[in-house]
Amino acid sequence: MIQANQLTKRYGKHTILESIDLEVGDGERVAVLGSNGAGKTTLLKCMLGLVDFEGRLTIDSLDVKSRGRAARQRLAYVPQMPPIFDLSLSAFLDLFGSIRDVDPASVASRLSDLGLALDVYGDKPMRQLSGGMLQKAYLALALAADSAVLLLDEPTAGLDPGSRQEFIEHLADVNGDRCMVLATHRLEEAESIAERLIILHRGGIVFDGPLGDSNGTDAIRGIGGPELEQVVKRFLTVADQLEGDQ
Amino acid sequence: MIGPLVRREIRDAIHRYWFVVNAVVFASAGLLLMLFGQSDVMVLGYRGFARSLAGLMHLALVFVPLMAIIPAVVAISGERETGTLDYILAQPVTASQVFASKWLSACLSRRFRHRGRAPRVSA
C-alpha cells in the first residue's frame with residue numbers, strides 16, 4: 001500500500017530523513033516511534049505530499065509527487081495538533097465531509113461513538129471546543145472517510161490519560177482492513193494498536209520488525225523510560241550486545 | 001471539489017469585512033486629503049479640484065494594492081500559521097485548486113457581501 005524508496009528530506013543543510021526504504025502492506029498497522037525531531041511527522045507529511053522530498057514514494061501504486069491528489073484520496077489524516085477553523089463543528093464536518101464525499105450520517109455516527117454528540121456540540125465554534133473534542137472530531141472524519149490508509153500523527157498529544165486510553169481503544173477497534181500508520185513516542189500506544197514497529201532515529205530507520213520481536217519491543221519495554229532518546233540508545237546497546245554474543 | 005472550499009472562503013471573507021474596513025479608511029483619508037489639501041489654496045469649488053484629484057490618485061496608488069495584498073496575505077499566511085492550510089492540502093485537492101478557491105472567493109465575496117451568506121458554487 002505504501003512504498004518508499006530512498007526517501008530523503010532536507011531542510012537546508014539539515015537532513016531530516018535519509019534514504020528511507022519502507023514498505024507497508026494492505027491492512028498493516030505500523031507504529032513509527034521516535035524521539036522529538038526524529039522525523040516522524042516529516043515522514044507523514046511526505047506521504048501526504050505536503051513537503052517536497054527526494055526519492056520515490058507511492059500510495060497504492062500512485063506516485064505522491066505526480067499523482068498527489070489521487071494518492072491523498074487513499075489517505076485519511078489526523079494531525080498532531082488539531083487546527084482550529086473559524087467554523088462551527090457542524091460546518092467543519094460538512095466542509096471536509098463534502099470534500100471527501102463522506103456521508104454526513106456516517107460522520108455523526110462515528111462522532112457519537114467517540115462520545116461527542118453532534119446535536120449538542122454541532123453549533124459550537126471550534127475554538128470553544130477542548131483539544132480532546134477536536135481530536136475526536138478529526139478522528140471521526142478520518143474514520144468515516146472511505147480511505148485505505150489512516151495516518152495518525154501523535155493523535156493523543158495533549159489528551160489527559162483517561163481520554164488517551166479511550167482514544168486508543170477506538171483506534172484499536174478500527175476495521176482491520178484499513179492500513180494504519182501511527183507516529184508516536186509512546187510505546188504503550190504502539191503496542192495497543194500496531195503489529196509492526198519502526199523506530200526512527202536521526203533520520204534513519206534503526207529498527208523495523210514485529211512488535212513481539214524480542215530484539216525490539218522487549219528491550220524497549222524493559223527500560224520503560226519516558227524519553228525515547230534514551231530508549232533508543234538502550235535498545236541499540238542491547239542489540240549490539242546480542243549481536244556480540246552470537 | 002472546489003465548490004465547498006469556495007463557499008467556505010466566501011463565508012470567511014464576508015466575516016472578515018476587510019473590504020468595508022479598507023473602504024472606510026480610504027474614504028476617510030480621501031476626505032482629509034481634500035480638506036487639508038485645499039486649505040492651503042484658500043479656494044473651494046472646481047478651481048481646487050485638480051489638486052484634490054491629484055492627491056486622491058496618489059492615495060489610490062497606495063491604497064488599492066494594499067486592499068488586494070492584505071486580504072491575500074491573511075488568506076494564505078494566516079492559514080499557514082494556524083495549520084489549517086496543511087490540513088486542507090492533506091485532502092484530495094491540489095494546491096492550485098485551493099489557491100483558485102481563494103482567488104475566486106475574493107472576487108465573489110465582493111459581489112455577494114450584501115446577501116450575508118455564501119452563495120452556492122458548483123464544482
# chains A, B, ... in the order shown; residues from 1 in each chain; ligands from 1
$ interface_residues --of "chain B" --to "chain A" --cutoff "10 Å" --atoms "only C-alpha atoms" --output "MDAnalysis selection string"
chainID B and resid 1:5 7:8 11:12 15 79 81:95
$ write_last_selection --atoms "C-alpha atoms" --output "PDB file, in the first residue's frame"
ATOM      1  CA  MET B   1     -14.235  19.536  -5.331  1.00  0.00           C
ATOM      2  CA  ILE B   2     -13.509  23.246  -5.338  1.00  0.00           C
ATOM      3  CA  GLY B   3     -17.118  24.199  -4.518  1.00  0.00           C
ATOM      4  CA  PRO B   4     -17.052  23.556  -0.741  1.00  0.00           C
ATOM      5  CA  LEU B   5     -13.725  25.385  -0.464  1.00  0.00           C
ATOM      6  CA  ARG B   7     -18.151  28.545  -0.150  1.00  0.00           C
ATOM      7  CA  ARG B   8     -16.024  28.430   2.970  1.00  0.00           C
ATOM      8  CA  ARG B  11     -18.090  32.904   4.224  1.00  0.00           C
ATOM      9  CA  ASP B  12     -14.716  33.782   5.779  1.00  0.00           C
ATOM     10  CA  HIS B  15     -16.986  37.680   8.152  1.00  0.00           C
ATOM     11  CA  GLU B  79      -3.957  29.752   7.393  1.00  0.00           C
ATOM     12  CA  GLU B  81       0.412  29.751  10.696  1.00  0.00           C
ATOM     13  CA  THR B  82      -2.654  28.173  12.259  1.00  0.00           C
ATOM     14  CA  GLY B  83      -2.060  24.867  10.465  1.00  0.00           C
ATOM     15  CA  THR B  84      -5.405  24.927   8.671  1.00  0.00           C
ATOM     16  CA  LEU B  85      -3.737  25.211   5.250  1.00  0.00           C
ATOM     17  CA  ASP B  86      -1.772  21.993   5.823  1.00  0.00           C
ATOM     18  CA  TYR B  87      -4.933  20.156   6.776  1.00  0.00           C
ATOM     19  CA  ILE B  88      -6.747  21.410   3.664  1.00  0.00           C
ATOM     20  CA  LEU B  89      -3.795  20.407   1.484  1.00  0.00           C
ATOM     21  CA  ALA B  90      -3.839  16.971   3.123  1.00  0.00           C
ATOM     22  CA  GLN B  91      -7.236  16.392   1.497  1.00  0.00           C
ATOM     23  CA  PRO B  92      -7.698  15.093  -2.052  1.00  0.00           C
ATOM     24  CA  VAL B  93      -7.356  18.549  -3.566  1.00  0.00           C
ATOM     25  CA  THR B  94      -4.466  20.153  -5.410  1.00  0.00           C
ATOM     26  CA  ALA B  95      -2.677  23.284  -4.232  1.00  0.00           C
TER      27      ALA B  95
END
$ residues_around --residues "Gly176 in chain A" --least-positions-apart "4" --cutoff "12 Å" --atoms "only C-alpha atoms" --output "PyMOL selection string"
chain A and resi 26-29+148-150+171-172+180+193-195
$ write_last_selection --atoms "N, CA and C atoms" --output "PDB file, in the first residue's frame"
ATOM      1  N   ASP A  26      -1.091  -3.894   2.632  1.00  0.00           N
ATOM      2  CA  ASP A  26      -2.525  -3.617   2.798  1.00  0.00           C
ATOM      3  C   ASP A  26      -2.978  -4.076   4.189  1.00  0.00           C
ATOM      4  N   GLY A  27      -3.708  -3.244   4.859  1.00  0.00           N
ATOM      5  CA  GLY A  27      -4.270  -3.607   6.159  1.00  0.00           C
ATOM      6  C   GLY A  27      -3.269  -3.713   7.288  1.00  0.00           C
ATOM      7  N   GLU A  28      -2.017  -3.379   7.026  1.00  0.00           N
ATOM      8  CA  GLU A  28      -0.991  -3.492   8.061  1.00  0.00           C
ATOM      9  C   GLU A  28      -1.054  -2.302   9.012  1.00  0.00           C
ATOM     10  N   ARG A  29      -0.776  -2.560  10.275  1.00  0.00           N
ATOM     11  CA  ARG A  29      -0.787  -1.483  11.278  1.00  0.00           C
ATOM     12  C   ARG A  29       0.630  -1.267  11.780  1.00  0.00           C
ATOM     13  N   ALA A 148      -8.144   3.947   2.364  1.00  0.00           N
ATOM     14  CA  ALA A 148      -7.479   2.681   2.669  1.00  0.00           C
ATOM     15  C   ALA A 148      -6.441   2.827   3.769  1.00  0.00           C
ATOM     16  N   VAL A 149      -5.938   4.048   3.934  1.00  0.00           N
ATOM     17  CA  VAL A 149      -4.851   4.267   4.902  1.00  0.00           C
ATOM     18  C   VAL A 149      -5.244   5.341   5.906  1.00  0.00           C
ATOM     19  N   LEU A 150      -4.933   5.085   7.149  1.00  0.00           N
ATOM     20  CA  LEU A 150      -5.174   6.058   8.214  1.00  0.00           C
ATOM     21  C   LEU A 150      -3.809   6.533   8.717  1.00  0.00           C
ATOM     22  N   LEU A 171      -9.203   3.423  18.364  1.00  0.00           N
ATOM     23  CA  LEU A 171      -8.301   3.144  17.241  1.00  0.00           C
ATOM     24  C   LEU A 171      -8.057   1.642  17.104  1.00  0.00           C
ATOM     25  N   ALA A 172      -7.955   0.982  18.247  1.00  0.00           N
ATOM     26  CA  ALA A 172      -7.723  -0.469  18.215  1.00  0.00           C
ATOM     27  C   ALA A 172      -8.906  -1.210  17.595  1.00  0.00           C
ATOM     28  N   MET A 180      -2.846   1.293   8.747  1.00  0.00           N
ATOM     29  CA  MET A 180      -2.725   2.383   9.720  1.00  0.00           C
ATOM     30  C   MET A 180      -1.246   2.698   9.981  1.00  0.00           C
ATOM     31  N   ILE A 193      -2.138  -0.708  19.382  1.00  0.00           N
ATOM     32  CA  ILE A 193      -2.727  -0.539  18.056  1.00  0.00           C
ATOM     33  C   ILE A 193      -1.986  -1.327  16.974  1.00  0.00           C
ATOM     34  N   ALA A 194      -0.680  -1.262  17.015  1.00  0.00           N
ATOM     35  CA  ALA A 194       0.098  -1.739  15.866  1.00  0.00           C
ATOM     36  C   ALA A 194       0.575  -3.174  16.036  1.00  0.00           C
ATOM     37  N   GLU A 195       0.955  -3.742  14.903  1.00  0.00           N
ATOM     38  CA  GLU A 195       1.546  -5.081  14.928  1.00  0.00           C
ATOM     39  C   GLU A 195       3.004  -5.037  14.470  1.00  0.00           C
TER      40      GLU A 195
END
$ closest_residue --among "B:Val6, B:Ala27, B:Ile70, B:Val64" --to "Trp103 in chain B" --atoms "only C-alpha atoms"
B:Val6
$ closest_residue --among "B:Cys107, B:Val20, B:Val98, B:Ala29" --to "Met57 in chain B" --atoms "only C-alpha atoms"
B:Ala29
$ residues_around --residues "Glu23 in chain A" --least-positions-apart "2" --cutoff "10 Å" --atoms "only C-alpha atoms" --output "number ranges by chain"
A: 1-5, 20-21, 25-26, 57-58
$ select_by_dssp --residues "range 44-180 of chain A" --states "strand (DSSP E or B)" --output "JSON, numbers by chain"
{"A": [54, 55, 56, 57, 58, 59, 62, 63, 75, 76, 77, 78, 88, 125, 149, 150, 151, 152, 153, 179, 180]}
$ write_last_selection --atoms "C-alpha atoms" --output "mmCIF file, in the first residue's frame"
data_model
loop_
_atom_site.group_PDB
_atom_site.id
_atom_site.type_symbol
_atom_site.label_atom_id
_atom_site.label_comp_id
_atom_site.auth_asym_id
_atom_site.auth_seq_id
_atom_site.Cartn_x
_atom_site.Cartn_y
_atom_site.Cartn_z
ATOM 1 C CA GLU A 54 13.927 13.279 -2.829
ATOM 2 C CA GLY A 55 13.368 9.663 -3.787
ATOM 3 C CA ARG A 56 10.144 7.903 -4.653
ATOM 4 C CA LEU A 57 7.034 7.433 -2.565
ATOM 5 C CA THR A 58 3.860 5.704 -3.721
ATOM 6 C CA ILE A 59 0.479 5.153 -2.089
ATOM 7 C CA LEU A 62 0.182 6.173 -7.072
ATOM 8 C CA ASP A 63 3.220 8.421 -7.087
ATOM 9 C CA LEU A 75 -5.270 8.683 2.918
ATOM 10 C CA ALA A 76 -7.146 9.978 5.930
ATOM 11 C CA TYR A 77 -5.101 12.098 8.293
ATOM 12 C CA VAL A 78 -5.369 13.023 11.952
ATOM 13 C CA SER A 88 -18.760 25.609 13.934
ATOM 14 C CA PRO A 125 -17.469 27.214 17.224
ATOM 15 C CA VAL A 149 -4.851 4.267 4.902
ATOM 16 C CA LEU A 150 -5.174 6.058 8.214
ATOM 17 C CA LEU A 151 -2.281 8.388 9.062
ATOM 18 C CA LEU A 152 -2.173 9.365 12.720
ATOM 19 C CA ASP A 153 0.383 11.895 13.864
ATOM 20 C CA CYS A 179 -3.821 0.205 6.819
ATOM 21 C CA MET A 180 -2.725 2.383 9.720
#
$ atom_distance --atom1 "CA of Gly203 in chain A" --atom2 "CA of Ala157 in chain A"
21.6 Å
$ closest_residue --among "B:Ala60, B:Gly78, B:Pro71, B:Ala13" --to "Leu108 in chain B" --atoms "only C-alpha atoms"
B:Ala13
$ select_by_dssp --residues "range 50-101 of chain A" --states "helix (DSSP H, G or I)" --output "ChimeraX atom specification"
/A:68-73,89-100
